[in-house]
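The structure under discussion appears below in the form of structure tokens.
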Amino acid sequence: MSFAFVFPGQGSQSLGMLGGLAAADPRVRDTFAEASAVLGYDLWTLVSEGPEAALNETERTQPAMLAAGVATWRLWRARGGGLPQVVCGHSLGEFTALVCADALEFAPAIDLVRFRGQIMQEAVPQGSGAMAAILGLDDAAVEAACREAAQGGVVEPANFNSPGQVVIAGDAAAVRRAIELAKARGAKRAVPLPVSVPSHTSLMRAAAQRLAERLRELTVRVPSVRYLSAVDAAEHSRPDEVRELLVRQLSSPVRWSQTLTALLATGVGRVIECGPGRVLTGLNRRIDKRDGLEYAALEDLAGIDAALTATRGQA
């Protein structure tokens, strides 16, 4: 059974992540040391010891998640794991997917995502943006609630995560109005998220322009593994297309449901989450529950060994 790798984004980080893997293999610490040399601070100490509030700052979370995903990938490959048929990532995870597919070099990508986090934080005044998860309401109803709630402000779907789970983002007041309107339309829950940066909305367009300038200086190669983007749920290989997608991504919604559907249409029967946590694995199981599909996560050594056994001979 052929397999794909998916890479998680911001929100999957946690204090102490990858601790067990680091104890088992020095490659994990070595990967974080490479990132630390670029960043100018000890990223592994931050991930291991905190403070948690610092780890959750966008400009620190993004390099930490990129390093965690690449470290897990390197451990997978070092232990004999084969190459997936397809890779994709959720939001920041697209950068991890592109590093692992040899389209981006690791060290420049660490610097790039640090910059990405900085410009996202600078794009809107602190406390003026908000995000919320709308649960139990279909996509069209969420979009309608956002349109009605805008009232001259900005509130838009940011992540189409799975059927019945859409994250919205925008101006804080407009997000609050959208929460109430979503509840009135029958949402089971509408939960404000502890995030002040309204990612994947039109409020990020100025940041996207700055990211485009930085990307022009970055070497981008043709991916060595098929790459699907969660911006449009389509396959891309040309370096200029990849650059353009990474710019669009910042102000466009993450279309994860569509992306997983497109991923499965390539014929893979197993989807493996590479990085800390199991957020994408949970979403994937809600998106497509067909018999015969298998979902797994490489969050610990047992998970890696199980996936190695399941995929042996499929490189």
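Each chain in the structure tokens gets a letter, A, B, ..., in the order shown, and its residues are numbered from 1; ligands are numbered from 1 in order too.
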
Exercise for the section: Mind checking which residues fall within 10 Å of Gln118 of chain A, counting only C-alpha atoms, ignoring those fewer than 4 positions away in the same chain, and posting them as a VMD selection string? Expected result: chain A and resid 57 to 60 62 112 to 114 122 to 123 207

Selection from above, N, CA, C and O atoms, as a tab-separated table (two decimals), in the first residue's frame, can you write it?
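Below you can see out18.tsv, which holds the result:
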chain	number	residue	atom	x	y	z
A	57	GLU	N	4.86	32.16	20.90
A	57	GLU	CA	4.97	33.37	20.09
A	57	GLU	C	5.20	32.95	18.64
A	57	GLU	O	6.07	32.12	18.36
A	58	THR	N	4.44	33.52	17.73
A	58	THR	CA	4.43	33.06	16.35
A	58	THR	C	5.82	32.97	15.74
A	58	THR	O	6.15	32.00	15.05
A	59	GLU	N	6.66	33.96	15.99
A	59	GLU	CA	7.97	33.96	15.34
A	59	GLU	C	8.89	32.89	15.92
A	59	GLU	O	9.92	32.55	15.31
A	60	ARG	N	8.54	32.32	17.08
A	60	ARG	CA	9.32	31.22	17.65
A	60	ARG	C	8.65	29.87	17.37
A	60	ARG	O	9.32	28.86	17.18
A	62	GLN	N	7.01	28.98	14.73
A	62	GLN	CA	7.19	28.52	13.35
A	62	GLN	C	8.54	27.83	13.13
A	62	GLN	O	8.58	26.73	12.57
A	112	LEU	N	13.54	31.87	6.99
A	112	LEU	CA	12.34	32.34	6.30
A	112	LEU	C	11.11	32.28	7.18
A	112	LEU	O	10.32	33.24	7.24
A	113	VAL	N	10.91	31.17	7.88
A	113	VAL	CA	9.69	31.06	8.70
A	113	VAL	C	9.77	31.93	9.95
A	113	VAL	O	8.74	32.38	10.45
A	114	ARG	N	10.99	32.18	10.45
A	114	ARG	CA	11.10	33.17	11.53
A	114	ARG	C	10.61	34.52	11.02
A	114	ARG	O	9.82	35.20	11.70
A	122	GLU	N	3.43	41.55	13.06
A	122	GLU	CA	3.45	42.99	12.81
A	122	GLU	C	2.30	43.46	11.93
A	122	GLU	O	2.05	44.67	11.83
A	123	ALA	N	1.61	42.53	11.29
A	123	ALA	CA	0.59	42.90	10.30
A	123	ALA	C	-0.63	43.56	10.91
A	123	ALA	O	-1.29	44.38	10.27
A	207	ALA	N	1.63	41.56	4.78
A	207	ALA	CA	2.68	40.63	5.18
A	207	ALA	C	3.07	39.74	4.01
A	207	ALA	O	4.25	39.42	3.82

Handout entry: Shell of 12 Å around segment 135-145 of chain A, only C-alpha atoms, local chain residues under 2 positions omitted, as an MDAnalysis selection string
Key = chainID A and resid 132:133 147:151 154:169 174:192 253 255 257

Practice task
Per DSSP on the backbone, filter segment 2-93 of chain A down to the residues in helix (DSSP H, G or I) and report them as a PyMOL selection string.
Solution key: chain A and resi 19-24+26-39+43-49+52-55+58-78+93

If we count only C-alpha atoms, what is near Asp30 of chain A at a cut-off of 10 Å, once residues fewer than 6 positions away on the same chain are taken out, given as a compact mmCIF listing (two decimals) with C-alpha atoms, in the first residue's frame?
# COMPACT_ATOMS: atom_id res chain seq x y z
CA ALA A 22 15.61 13.01 21.15
CA SER A 36 19.64 27.39 16.70
CA TRP A 44 15.90 22.99 21.86
CA ALA A 71 13.93 16.13 12.75

Check the DSSP output for the backbone and give back, as a PDB file with N, CA and C atoms, in the first residue's frame, the residues of segment 123-153 of chain A in strand (DSSP E or B).
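After the write, result-v4.pdb holds the following:
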ATOM      1  N   GLY A 129      -6.725  41.379  16.415  1.00  0.00           N
ATOM      2  CA  GLY A 129      -7.165  40.245  15.617  1.00  0.00           C
ATOM      3  C   GLY A 129      -7.624  39.099  16.490  1.00  0.00           C
ATOM      4  N   ALA A 130      -8.315  38.141  15.879  1.00  0.00           N
ATOM      5  CA  ALA A 130      -8.818  36.995  16.640  1.00  0.00           C
ATOM      6  C   ALA A 130      -9.074  35.839  15.688  1.00  0.00           C
ATOM      7  N   MET A 131      -9.149  34.618  16.269  1.00  0.00           N
ATOM      8  CA  MET A 131      -9.519  33.415  15.526  1.00  0.00           C
ATOM      9  C   MET A 131     -10.492  32.621  16.380  1.00  0.00           C
ATOM     10  N   ALA A 132     -11.329  31.822  15.746  1.00  0.00           N
ATOM     11  CA  ALA A 132     -12.282  30.983  16.471  1.00  0.00           C
ATOM     12  C   ALA A 132     -12.585  29.747  15.650  1.00  0.00           C
ATOM     13  N   ALA A 133     -12.853  28.654  16.330  1.00  0.00           N
ATOM     14  CA  ALA A 133     -13.235  27.406  15.672  1.00  0.00           C
ATOM     15  C   ALA A 133     -14.745  27.261  15.719  1.00  0.00           C
ATOM     16  N   ILE A 134     -15.347  27.056  14.558  1.00  0.00           N
ATOM     17  CA  ILE A 134     -16.792  26.853  14.453  1.00  0.00           C
ATOM     18  C   ILE A 134     -17.026  25.367  14.208  1.00  0.00           C
ATOM     19  N   LEU A 135     -17.737  24.719  15.120  1.00  0.00           N
ATOM     20  CA  LEU A 135     -17.921  23.269  15.070  1.00  0.00           C
ATOM     21  C   LEU A 135     -19.384  22.917  14.820  1.00  0.00           C
TER      22      LEU A 135
END

Exercise for the section: May I ask which of the residues A:Asn56, A:Thr281, A:Thr31, A:Thr72 is the closest one to Pro194 of chain A, counting only C-alpha atoms? Expected result: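 Distance minimum relative to Pro194 of chain A lands on A:Asn56.
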
Exercise for the section: Just the residues within 10 Å of Phe3 of chain A, please, counting only C-alpha atoms, with nothing from its chain fewer than 6 positions along; format it as a list in words. Expected result: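 Contacts, with the query itself left out: Gly82, Leu83, Pro84, Gln85, Val86, Val87, Leu263, Leu264, Thr266, Gly267, Val268, Gly269, Arg270, Val271, Ile272, Glu294, Tyr295, Ala310, Thr311, Gln314 and Ala315 of chain A.
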
Export, as a PDB file, in the first residue's frame, the selected residues with N, CA and C atoms.
ATOM      1  N   GLY A  82      10.964   4.647   3.919  1.00  0.00           N
ATOM      2  CA  GLY A  82      10.981   4.947   2.497  1.00  0.00           C
ATOM      3  C   GLY A  82      10.454   6.337   2.192  1.00  0.00           C
ATOM      4  N   LEU A  83      10.614   6.737   0.936  1.00  0.00           N
ATOM      5  CA  LEU A  83      10.077   8.019   0.490  1.00  0.00           C
ATOM      6  C   LEU A  83       8.576   7.887   0.242  1.00  0.00           C
ATOM      7  N   PRO A  84       7.794   8.846   0.713  1.00  0.00           N
ATOM      8  CA  PRO A  84       6.355   8.823   0.395  1.00  0.00           C
ATOM      9  C   PRO A  84       6.126   9.129  -1.079  1.00  0.00           C
ATOM     10  N   GLN A  85       4.949   8.777  -1.541  1.00  0.00           N
ATOM     11  CA  GLN A  85       4.587   9.091  -2.923  1.00  0.00           C
ATOM     12  C   GLN A  85       4.195  10.565  -3.081  1.00  0.00           C
ATOM     13  N   VAL A  86       3.659  11.136  -2.026  1.00  0.00           N
ATOM     14  CA  VAL A  86       3.170  12.515  -2.055  1.00  0.00           C
ATOM     15  C   VAL A  86       3.433  13.143  -0.694  1.00  0.00           C
ATOM     16  N   VAL A  87       3.686  14.470  -0.666  1.00  0.00           N
ATOM     17  CA  VAL A  87       3.776  15.213   0.591  1.00  0.00           C
ATOM     18  C   VAL A  87       2.891  16.451   0.508  1.00  0.00           C
ATOM     19  N   LEU A 263      -5.266  14.232  -2.195  1.00  0.00           N
ATOM     20  CA  LEU A 263      -4.153  13.348  -1.833  1.00  0.00           C
ATOM     21  C   LEU A 263      -4.564  11.890  -2.008  1.00  0.00           C
ATOM     22  N   LEU A 264      -5.729  11.550  -1.518  1.00  0.00           N
ATOM     23  CA  LEU A 264      -6.202  10.168  -1.615  1.00  0.00           C
ATOM     24  C   LEU A 264      -6.509   9.791  -3.068  1.00  0.00           C
ATOM     25  N   THR A 266      -4.700  10.344  -5.486  1.00  0.00           N
ATOM     26  CA  THR A 266      -3.465   9.906  -6.137  1.00  0.00           C
ATOM     27  C   THR A 266      -3.268   8.403  -5.993  1.00  0.00           C
ATOM     28  N   GLY A 267      -4.078   7.766  -5.152  1.00  0.00           N
ATOM     29  CA  GLY A 267      -4.011   6.322  -5.000  1.00  0.00           C
ATOM     30  C   GLY A 267      -3.334   5.838  -3.739  1.00  0.00           C
ATOM     31  N   VAL A 268      -2.891   6.751  -2.875  1.00  0.00           N
ATOM     32  CA  VAL A 268      -2.264   6.307  -1.627  1.00  0.00           C
ATOM     33  C   VAL A 268      -3.321   5.709  -0.708  1.00  0.00           C
ATOM     34  N   GLY A 269      -2.921   4.723   0.073  1.00  0.00           N
ATOM     35  CA  GLY A 269      -3.853   4.086   1.006  1.00  0.00           C
ATOM     36  C   GLY A 269      -3.517   4.329   2.455  1.00  0.00           C
ATOM     37  N   ARG A 270      -2.373   4.991   2.679  1.00  0.00           N
ATOM     38  CA  ARG A 270      -1.946   5.276   4.061  1.00  0.00           C
ATOM     39  C   ARG A 270      -1.417   6.705   4.116  1.00  0.00           C
ATOM     40  N   VAL A 271      -1.863   7.474   5.111  1.00  0.00           N
ATOM     41  CA  VAL A 271      -1.429   8.862   5.294  1.00  0.00           C
ATOM     42  C   VAL A 271      -0.752   8.961   6.652  1.00  0.00           C
ATOM     43  N   ILE A 272       0.504   9.409   6.653  1.00  0.00           N
ATOM     44  CA  ILE A 272       1.323   9.428   7.863  1.00  0.00           C
ATOM     45  C   ILE A 272       1.647  10.872   8.230  1.00  0.00           C
ATOM     46  N   GLU A 294      -5.687   3.978   5.929  1.00  0.00           N
ATOM     47  CA  GLU A 294      -4.994   3.926   7.210  1.00  0.00           C
ATOM     48  C   GLU A 294      -4.346   5.273   7.491  1.00  0.00           C
ATOM     49  N   TYR A 295      -4.477   5.722   8.734  1.00  0.00           N
ATOM     50  CA  TYR A 295      -3.894   6.983   9.164  1.00  0.00           C
ATOM     51  C   TYR A 295      -2.994   6.720  10.361  1.00  0.00           C
ATOM     52  N   ALA A 310       4.759  -1.191   8.665  1.00  0.00           N
ATOM     53  CA  ALA A 310       3.604  -1.171   7.744  1.00  0.00           C
ATOM     54  C   ALA A 310       4.002  -0.786   6.332  1.00  0.00           C
ATOM     55  N   THR A 311       5.076   0.014   6.185  1.00  0.00           N
ATOM     56  CA  THR A 311       5.432   0.534   4.856  1.00  0.00           C
ATOM     57  C   THR A 311       6.673  -0.134   4.283  1.00  0.00           C
ATOM     58  N   GLN A 314       7.966  -0.310   0.475  1.00  0.00           N
ATOM     59  CA  GLN A 314       7.174   0.587  -0.378  1.00  0.00           C
ATOM     60  C   GLN A 314       7.937   1.834  -0.771  1.00  0.00           C
ATOM     61  N   ALA A 315       9.250   1.871  -0.554  1.00  0.00           N
ATOM     62  CA  ALA A 315      10.044   3.059  -0.925  1.00  0.00           C
ATOM     63  C   ALA A 315      10.008   3.264  -2.432  1.00  0.00           C
TER      64      ALA A 315
END

Exercise for the section: Enter the distance from atom CA of Ala68 of chain A to atom CA of Pro276 of chain A, in Å, rounded to one decimal. Expected result: 6.8 Å

Practice task
Skip Leu75 of chain A itself and residues of its chain fewer than 4 positions away, then list as an MDAnalysis selection string all residues within 9 Å of it, counting only C-alpha atoms.
Solution key: chainID A and resid 21 25 27:28 70:71 79:81 304

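If you measure from each of A:Asn284, A:Gln209, A:Ser91, A:Ser48 to Ile119 of chain A using only C-alpha atoms, the closest one turns out to be A:Gln209.
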
Practice task
Can you pull out every residue within 12 Å of Glu213 of chain A, counting only C-alpha atoms, but drop anything in the same chain fewer than 6 positions away, and send it as an MDAnalysis selection string?
Solution key: chainID A and resid 112 115:116 206:207 243:244 246:247

Selection to disk with N, CA, C and O atoms, as a CSV table (one decimal), in the first residue's frame:
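So the final result, stored in again33.csv, reads:
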chain,number,residue,atom,x,y,z
A,112,LEU,N,13.5,31.9,7.0
A,112,LEU,CA,12.3,32.3,6.3
A,112,LEU,C,11.1,32.3,7.2
A,112,LEU,O,10.3,33.2,7.2
A,115,PHE,N,11.1,34.9,9.8
A,115,PHE,CA,10.6,36.2,9.2
A,115,PHE,C,9.1,36.2,9.0
A,115,PHE,O,8.4,37.2,9.3
A,116,ARG,N,8.6,35.1,8.5
A,116,ARG,CA,7.2,34.9,8.3
A,116,ARG,C,6.4,35.2,9.6
A,116,ARG,O,5.4,35.9,9.6
A,206,ALA,N,-0.6,42.5,3.4
A,206,ALA,CA,0.7,43.3,3.4
A,206,ALA,C,1.9,42.5,3.8
A,206,ALA,O,3.0,42.6,3.3
A,207,ALA,N,1.6,41.6,4.8
A,207,ALA,CA,2.7,40.6,5.2
A,207,ALA,C,3.1,39.7,4.0
A,207,ALA,O,4.3,39.4,3.8
A,243,ARG,N,6.9,29.4,-5.1
A,243,ARG,CA,7.1,30.7,-4.5
A,243,ARG,C,5.7,31.4,-4.4
A,243,ARG,O,5.3,32.0,-3.3
A,244,GLU,N,5.0,31.4,-5.5
A,244,GLU,CA,3.7,32.1,-5.6
A,244,GLU,C,2.7,31.5,-4.6
A,244,GLU,O,2.0,32.3,-3.9
A,246,LEU,N,3.4,30.0,-1.7
A,246,LEU,CA,3.8,30.3,-0.3
A,246,LEU,C,3.4,31.8,0.0
A,246,LEU,O,3.1,32.1,1.2
A,247,VAL,N,3.3,32.6,-1.0
A,247,VAL,CA,2.9,34.0,-0.8
A,247,VAL,C,1.3,34.0,-0.6
A,247,VAL,O,0.8,34.6,0.3

Exercise for the section: Skip His90 of chain A itself and residues of its chain fewer than 3 positions away, then list as a list of chain:residue names all residues within 6 Å of it, counting only C-alpha atoms. Expected result: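 Answer for this query is A:Pro8, A:Gly9, A:Gly93, A:Glu94.
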
Handout entry: Selected residue of minimal separation from Leu15 of chain A among A:Leu203, A:Val222, A:Leu55, A:Val38, counting only C-alpha atoms
Key = A:Leu55
